[in-house]
$ cat query00.tsv   # TSV, C-alpha atoms
chain	number	residue	atom	x	y	z
A	1	ASP	CA	129.68	132.24	106.89
A	2	GLY	CA	127.33	134.61	108.70
A	3	ALA	CA	124.52	134.30	106.15
A	4	VAL	CA	121.05	135.31	107.34
A	5	PHE	CA	117.93	133.84	105.72
A	6	HIS	CA	114.83	136.02	105.83
A	7	SER	CA	111.79	135.50	103.66
A	8	GLU	CA	110.28	138.99	103.86
A	9	ASP	CA	107.11	138.75	101.70
A	10	LEU	CA	107.84	135.40	100.02
A	11	PRO	CA	108.86	132.01	101.43
A	12	ILE	CA	112.31	130.58	100.88
A	13	ILE	CA	112.16	127.38	98.84
A	14	VAL	CA	114.70	124.62	99.47
A	15	GLY	CA	114.72	122.05	96.66
A	16	GLY	CA	117.51	119.51	97.03
A	17	GLN	CA	120.06	119.93	99.82
A	18	LEU	CA	121.21	123.10	101.57
A	19	THR	CA	124.56	122.63	103.37
A	20	VAL	CA	126.09	124.59	106.24
A	21	LEU	CA	129.79	123.74	106.18
A	22	PRO	CA	132.05	123.22	109.23
A	23	ASN	CA	132.95	126.48	111.02
A	24	GLN	CA	130.15	128.32	109.24
A	25	THR	CA	127.07	129.84	110.88
A	26	VAL	CA	123.73	130.36	109.19
A	27	THR	CA	120.89	132.23	110.89
A	28	ILE	CA	117.19	131.99	110.04
A	29	ALA	CA	115.59	135.32	110.96
A	30	PRO	CA	112.36	135.60	112.97
A	31	GLY	CA	109.25	135.41	110.80
A	32	THR	CA	110.95	133.43	108.04
A	33	VAL	CA	108.96	130.77	106.19
A	34	ILE	CA	111.04	127.98	104.64
A	35	LYS	CA	109.20	125.61	102.32
A	36	MET	CA	110.95	122.35	101.61
A	37	GLY	CA	110.66	120.80	98.18
A	38	SER	CA	108.66	117.63	97.69
A	39	TYR	CA	108.81	115.01	94.92
A	40	PRO	CA	110.98	114.91	92.86
A	41	SER	CA	113.30	117.42	94.60
A	42	PHE	CA	112.98	116.56	98.28
A	43	GLY	CA	114.29	119.43	100.39
A	44	SER	CA	116.88	118.81	103.10
A	45	ILE	CA	119.36	120.77	105.22
A	46	LEU	CA	122.77	119.34	106.13
A	47	ILE	CA	124.38	121.00	109.15
A	48	GLN	CA	128.11	120.56	109.70
A	49	GLY	CA	128.53	124.01	111.25
A	50	HIS	CA	126.03	126.05	113.29
A	51	LEU	CA	122.36	126.66	112.50
A	52	ILE	CA	120.51	129.34	114.45
A	53	ALA	CA	116.73	129.32	113.96
A	54	GLU	CA	115.44	131.60	116.70
A	55	GLY	CA	112.04	133.15	116.12
A	56	THR	CA	109.89	135.05	118.59
A	57	GLU	CA	106.37	134.65	119.95
A	58	GLU	CA	105.16	137.28	117.48
A	59	ASN	CA	107.35	136.17	114.55
A	60	LYS	CA	107.72	132.40	114.49
A	61	ILE	CA	109.90	130.50	112.03
A	62	TYR	CA	108.17	127.92	109.85
A	63	ILE	CA	109.92	124.95	108.23
A	64	THR	CA	107.26	123.13	106.29
A	65	SER	CA	106.25	121.51	103.02
A	66	ILE	CA	105.99	123.40	99.74
A	67	ARG	CA	102.46	121.95	99.65
A	68	ASP	CA	101.51	123.77	102.87
A	69	ASP	CA	99.35	126.76	101.89
A	70	SER	CA	98.53	127.70	105.51
A	71	VAL	CA	101.70	129.80	105.84
A	72	GLY	CA	103.28	131.82	103.06
A	73	GLY	CA	100.41	131.20	100.63
A	74	ASP	CA	100.10	128.84	97.69
A	75	THR	CA	103.82	128.68	96.91
A	76	ASN	CA	103.59	125.87	94.35
A	77	GLY	CA	100.69	127.60	92.62
A	78	ASP	CA	98.41	124.58	92.34
A	79	GLY	CA	95.44	125.74	94.41
A	80	ASP	CA	93.96	122.81	96.30
A	81	ALA	CA	95.44	120.15	94.01
A	82	THR	CA	98.02	119.13	96.63
A	83	THR	CA	97.89	119.17	100.41
A	84	PRO	CA	100.71	118.72	102.95
A	85	ALA	CA	101.40	115.36	104.57
A	86	PRO	CA	104.16	113.57	106.48
A	87	ARG	CA	107.14	112.60	104.24
A	88	ASN	CA	106.62	115.58	101.91
A	89	TRP	CA	110.25	116.59	102.41
A	90	SER	CA	113.38	114.94	103.68
A	91	SER	CA	115.19	116.02	106.84
A	92	ILE	CA	117.54	118.26	108.74
A	93	PHE	CA	120.77	116.32	109.22
A	94	LEU	CA	122.85	117.42	112.23
A	95	GLU	CA	126.28	115.91	111.74
A	96	ASN	CA	128.91	115.12	114.38
A	97	GLY	CA	130.44	118.29	115.79
A	98	SER	CA	127.66	120.59	114.60
A	99	LYS	CA	125.39	122.85	116.63
A	100	ALA	CA	121.73	123.82	116.16
A	101	ASP	CA	119.46	126.15	118.11
A	102	PHE	CA	115.70	126.24	117.52
A	103	ASP	CA	113.39	128.65	119.32
A	104	HIS	CA	109.80	129.50	118.36
A	105	THR	CA	110.16	127.24	115.31
A	106	MET	CA	107.28	125.26	113.78
A	107	LEU	CA	108.52	122.18	111.89
A	108	SER	CA	106.09	119.94	109.99
A	109	TYR	CA	105.67	117.29	107.26
A	110	GLY	CA	109.28	116.02	107.15
A	111	GLY	CA	110.75	112.53	107.34
A	112	PHE	CA	111.19	111.18	103.80
A	113	ASN	CA	113.85	108.44	103.79
A	114	TYR	CA	112.37	106.06	101.24
A	115	ASN	CA	115.10	103.44	100.86
A	116	GLY	CA	117.19	104.30	103.90
A	117	GLU	CA	119.48	106.49	101.81
A	118	TYR	CA	120.70	108.29	104.92
A	119	LEU	CA	120.17	105.75	107.69
A	120	ILE	CA	118.67	102.35	107.05
A	121	GLY	CA	115.36	101.78	108.80
A	122	VAL	CA	115.09	105.29	110.24
A	123	ALA	CA	113.09	108.21	108.86
A	124	ALA	CA	113.15	111.46	110.82
A	125	ALA	CA	112.55	115.16	110.41
A	126	ILE	CA	115.73	115.85	112.42
A	127	TYR	CA	118.68	113.47	112.84
A	128	ASN	CA	121.12	114.20	115.66
A	129	ARG	CA	124.30	112.26	114.83
A	130	GLY	CA	126.55	114.03	117.33
A	131	SER	CA	125.35	117.61	117.47
A	132	ASP	CA	124.66	120.04	120.31
A	133	LEU	CA	120.93	120.51	119.72
A	134	THR	CA	118.80	122.94	121.74
A	135	ILE	CA	115.05	123.35	121.21
A	136	SER	CA	112.64	125.66	123.03
A	137	ASN	CA	109.14	127.04	122.49
A	138	SER	CA	108.79	125.02	119.30
A	139	LEU	CA	106.26	122.72	117.61
A	140	PHE	CA	106.96	119.43	115.81
A	141	SER	CA	103.90	118.01	114.09
A	142	ASP	CA	102.89	115.61	111.31
A	143	ASN	CA	106.36	114.17	110.74
A	144	ASN	CA	107.30	110.66	109.65
A	145	HIS	CA	108.61	108.34	111.22
A	146	THR	CA	109.82	110.39	114.12
A	147	ALA	CA	110.22	114.10	114.69
A	148	ILE	CA	113.69	113.68	116.22
A	149	PHE	CA	116.10	110.74	115.98
A	150	ALA	CA	119.32	110.74	118.01
A	151	ASP	CA	122.13	108.22	118.28
A	152	ALA	CA	124.79	110.63	119.57
A	153	GLY	CA	125.27	114.19	120.75
A	154	VAL	CA	123.23	116.22	123.21
A	155	THR	CA	119.54	117.10	122.78
A	156	ASN	CA	117.96	119.56	125.21
A	157	ILE	CA	114.26	120.39	124.75
A	158	SER	CA	112.06	122.71	126.80
A	159	ARG	CA	108.62	124.31	126.52
A	160	SER	CA	107.87	122.59	123.22
A	161	GLU	CA	105.16	120.42	121.67
A	162	PHE	CA	105.25	117.11	119.80
A	163	THR	CA	101.97	116.05	118.24
A	164	ASN	CA	100.58	114.00	115.35
A	165	ASN	CA	103.91	112.36	114.57
A	166	LEU	CA	104.32	108.59	114.39
A	167	MET	CA	106.92	109.10	117.13
A	168	GLY	CA	108.00	112.22	118.95
A	169	ILE	CA	111.55	111.20	119.89
A	170	TRP	CA	113.49	108.06	118.95
A	171	SER	CA	116.82	107.47	120.66
A	172	ARG	CA	119.65	105.02	120.11
A	173	GLY	CA	122.21	107.03	122.05
A	174	GLY	CA	123.38	110.43	123.14
A	175	SER	CA	122.03	112.57	125.97
A	176	ILE	CA	118.37	113.66	125.79
A	177	ASN	CA	116.55	115.91	128.22
A	178	ILE	CA	113.01	117.18	127.68
A	179	SER	CA	110.98	119.19	130.20
A	180	ASN	CA	107.95	121.45	130.48
A	181	SER	CA	106.75	120.18	127.12
A	182	ASN	CA	103.62	118.60	125.64
A	183	LEU	CA	103.77	115.19	123.97
A	184	HIS	CA	100.34	114.08	122.82
A	185	ASN	CA	98.47	112.39	119.96
A	186	ASN	CA	101.60	110.76	118.58
A	187	THR	CA	100.51	107.56	116.85
A	188	ASN	CA	103.09	105.03	118.08
A	189	PHE	CA	105.26	106.54	120.82
A	190	ALA	CA	105.92	109.87	122.42
A	191	ILE	CA	109.42	108.64	123.27
A	192	TYR	CA	111.12	105.42	122.18
A	193	ASN	CA	114.47	104.64	123.80
A	194	ASP	CA	115.70	101.88	121.54
A	195	GLY	CA	118.25	99.41	122.90
A	196	ASN	CA	120.70	100.10	125.69
A	197	GLY	CA	121.06	103.87	125.29
A	198	PRO	CA	121.37	106.24	128.27
A	199	GLN	CA	118.28	107.07	130.28
A	200	ILE	CA	116.18	109.87	128.80
A	201	ASP	CA	115.21	112.52	131.33
A	202	ALA	CA	111.58	113.33	130.49
A	203	ARG	CA	110.32	114.62	133.82
A	204	ASN	CA	107.73	117.38	134.16
A	205	ASN	CA	105.96	116.99	130.83
A	206	TRP	CA	102.32	116.67	129.73
A	207	TRP	CA	101.54	113.37	128.00
A	208	GLY	CA	97.99	114.00	126.84
A	209	ASP	CA	96.27	112.70	129.98
A	210	ILE	CA	96.32	113.57	133.67
A	211	SER	CA	97.27	109.96	134.45
A	212	GLY	CA	100.61	110.38	132.70
A	213	PRO	CA	102.18	108.43	129.84
A	214	ARG	CA	101.36	104.85	128.98
A	215	ASP	CA	104.48	103.00	130.11
A	216	GLY	CA	105.05	100.35	127.46
A	217	ASN	CA	107.55	98.62	129.70
A	218	LEU	CA	104.77	97.54	132.08
A	219	PHE	CA	102.34	94.64	131.64
A	220	ASN	CA	99.32	96.69	132.66
A	221	PRO	CA	100.35	100.35	132.55
A	222	PRO	CA	98.10	102.78	134.42
A	223	GLY	CA	98.82	105.84	132.28
A	224	LEU	CA	96.44	106.78	129.47
A	225	GLY	CA	98.63	109.33	127.70
A	226	ASP	CA	101.05	108.83	124.85
A	227	THR	CA	103.25	105.74	125.05
A	228	ILE	CA	106.86	105.67	126.19
A	229	VAL	CA	109.15	102.63	125.78
A	230	GLY	CA	112.62	101.90	127.12
A	231	ASN	CA	114.69	103.66	129.75
A	232	VAL	CA	112.75	106.90	130.20
A	233	LEU	CA	112.48	108.80	133.48
A	234	TYR	CA	109.04	110.41	133.37
A	235	THR	CA	107.98	110.98	137.01
A	236	PRO	CA	106.99	113.48	138.19
A	237	PHE	CA	104.83	114.48	135.24

$ encode --input "query00.tsv" --output "structure tokens"
Amino acid sequence: DGAVFHSEDLPIIVGGQLTVLPNQTVTIAPGTVIKMGSYPSFGSILIQGHLIAEGTEENKIYITSIRDDSVGGDTNGDGDATTPAPRNWSSIFLENGSKADFDHTMLSYGGFNYNGEYLIGVAAAIYNRGSDLTISNSLFSDNNHTAIFADAGVTNISRSEFTNNLMGIWSRGGSINISNSNLHNNTNFAIYNDGNGPQIDARNNWWGDISGPRDGNLFNPPGLGDTIVGNVLYTPF
């Protein structure tokens, strides 16, 4: 409890699963680079307690693939033989009763869930299964299948960016609020509210086009931005 991760000159490598137990708090210090293991040791983080990942504008936190040489150098020592891609590493699992705070955090290339080992049919960089999740000033890019999946808990997002994911946010439940954020160039959906979950409050965001999001619930949607589907409140944008 009370552990602080800081990478100093070298990235921290997570191969396999790192667990934060109930009633424990782990802090990731500003400027830390965490590189998640790829095949055959897919990196993941299981949060049952409290994760604090709060960087600064000058010293952002990076959670990325071990194949990503753009931050922290060529950690796997293979030159240009491998390059980062979605599904390089597994996920951050936020279990029921946990808490996670992300600020000035750049998270990329996650979402490996090959045979539905964790949740059948859902691959995500972050799973919220009943956590109190707060995100601000952060970037989620190049993740498979979705950057964030939630079926419980509370997810509050502000001043953040979701880009180049298959989906930005996929919901089957819980409370989700996102504002003053950019959701653009996501391949399938910016937000997908699946089933009869609560309305997602997504007002006051940029969707990649001045006309607003493409509302997939409409026959002939006027918006030219990223697509939203399901019960999503997006006006004003």

$ residues_around --input "query00.tsv" --residues "Ile228 of chain A" --least-positions-apart "2" --cutoff "6 Å" --atoms "only C-alpha atoms" --output "PDB file with C-alpha atoms, in the coordinates of the input"
ATOM      1  CA  PHE A 189     105.260 106.540 120.820  1.00  0.00           C
ATOM      2  CA  ALA A 190     105.920 109.870 122.420  1.00  0.00           C
ATOM      3  CA  ILE A 191     109.420 108.640 123.270  1.00  0.00           C
ATOM      4  CA  TYR A 192     111.120 105.420 122.180  1.00  0.00           C
ATOM      5  CA  ASP A 215     104.480 103.000 130.110  1.00  0.00           C
ATOM      6  CA  GLY A 216     105.050 100.350 127.460  1.00  0.00           C
TER       7      GLY A 216
END

$ residues_around --input "query00.tsv" --residues "Asn76 of chain A" --least-positions-apart "5" --cutoff "10 Å" --atoms "only C-alpha atoms" --output "count of residues only"
9

$ closest_residue --input "query00.tsv" --among "A:Gly72, A:Trp206, A:Pro213, A:Met36" --to "Ala125 of chain A" --atoms "all atoms listed in the file"
A:Met36

$ residues_around --input "query00.tsv" --residues "Ile135 of chain A" --least-positions-apart "2" --cutoff "6 Å" --atoms "all atoms listed in the file" --output "list in words"
Phe102, Asp103 and Ile157 of chain A

$ atom_distance --input "query00.tsv" --atom1 "atom CA of Gln17 of chain A" --atom2 "atom CA of Gly43 of chain A"
5.8 Å

$ residues_around --input "query00.tsv" --residues "Glu57 of chain A" --least-positions-apart "5" --cutoff "12 Å" --atoms "only C-alpha atoms" --output "ChimeraX atom specification"
/A:30-31,103-106,136-138

$ residues_around --input "query00.tsv" --residues "Ala29 of chain A" --least-positions-apart "3" --cutoff "10 Å" --atoms "all atoms listed in the file" --output "JSON list (two decimals) with C-alpha atoms, in the coordinates of the input"
[["chain", "number", "residue", "atom", "x", "y", "z"],
["A", 4, "VAL", "CA", 121.05, 135.31, 107.34],
["A", 5, "PHE", "CA", 117.93, 133.84, 105.72],
["A", 6, "HIS", "CA", 114.83, 136.02, 105.83],
["A", 7, "SER", "CA", 111.79, 135.50, 103.66],
["A", 8, "GLU", "CA", 110.28, 138.99, 103.86],
["A", 26, "VAL", "CA", 123.73, 130.36, 109.19],
["A", 32, "THR", "CA", 110.95, 133.43, 108.04],
["A", 33, "VAL", "CA", 108.96, 130.77, 106.19],
["A", 52, "ILE", "CA", 120.51, 129.34, 114.45],
["A", 53, "ALA", "CA", 116.73, 129.32, 113.96],
["A", 54, "GLU", "CA", 115.44, 131.60, 116.70],
["A", 55, "GLY", "CA", 112.04, 133.15, 116.12],
["A", 56, "THR", "CA", 109.89, 135.05, 118.59],
["A", 59, "ASN", "CA", 107.35, 136.17, 114.55],
["A", 60, "LYS", "CA", 107.72, 132.40, 114.49],
["A", 61, "ILE", "CA", 109.90, 130.50, 112.03]]

$ closest_residue --input "query00.tsv" --among "A:Phe162, A:Pro221, A:Pro40, A:Val229" --to "Trp207 of chain A" --atoms "all atoms listed in the file"
A:Phe162

$ residues_near_point --input "query00.tsv" --point "(129.3, 120.4, 107.8)" --cutoff "6 Å" --atoms "all atoms listed in the file" --output "PyMOL selection string"
chain A and resi 20-22+47-49

$ write_last_selection --input "query00.tsv" --atoms "C-alpha atoms" --output "CSV table (one decimal), in the frame of the given file"
chain,number,residue,atom,x,y,z
A,20,VAL,CA,126.1,124.6,106.2
A,21,LEU,CA,129.8,123.7,106.2
A,22,PRO,CA,132.0,123.2,109.2
A,47,ILE,CA,124.4,121.0,109.2
A,48,GLN,CA,128.1,120.6,109.7
A,49,GLY,CA,128.5,124.0,111.2

$ axis_aligned_box --input "query00.tsv" --around "segment 21-31 of chain A" --padding-each-side "8 Å" --output "JSON"
{"center_x": 121.1, "center_y": 129.4, "center_z": 109.6, "size_x": 39.7, "size_y": 28.4, "size_z": 22.8}

$ atom_distance --input "query00.tsv" --atom1 "atom CA of His184 of chain A" --atom2 "atom CA of Ala202 of chain A"
13.6 Å

$ closest_residue --input "query00.tsv" --among "A:Asp142, A:Glu58, A:Asp194, A:Asp101" --to "Pro84 of chain A" --atoms "all atoms listed in the file"
A:Asp142

$ closest_residue --input "query00.tsv" --among "A:Gln199, A:Asn205, A:Thr27, A:Ser65" --to "Val14 of chain A" --atoms "all atoms listed in the file"
A:Ser65

$ atom_distance --input "query00.tsv" --atom1 "atom CA of Gly223 of chain A" --atom2 "atom CA of Leu133 of chain A"
29.4 Å
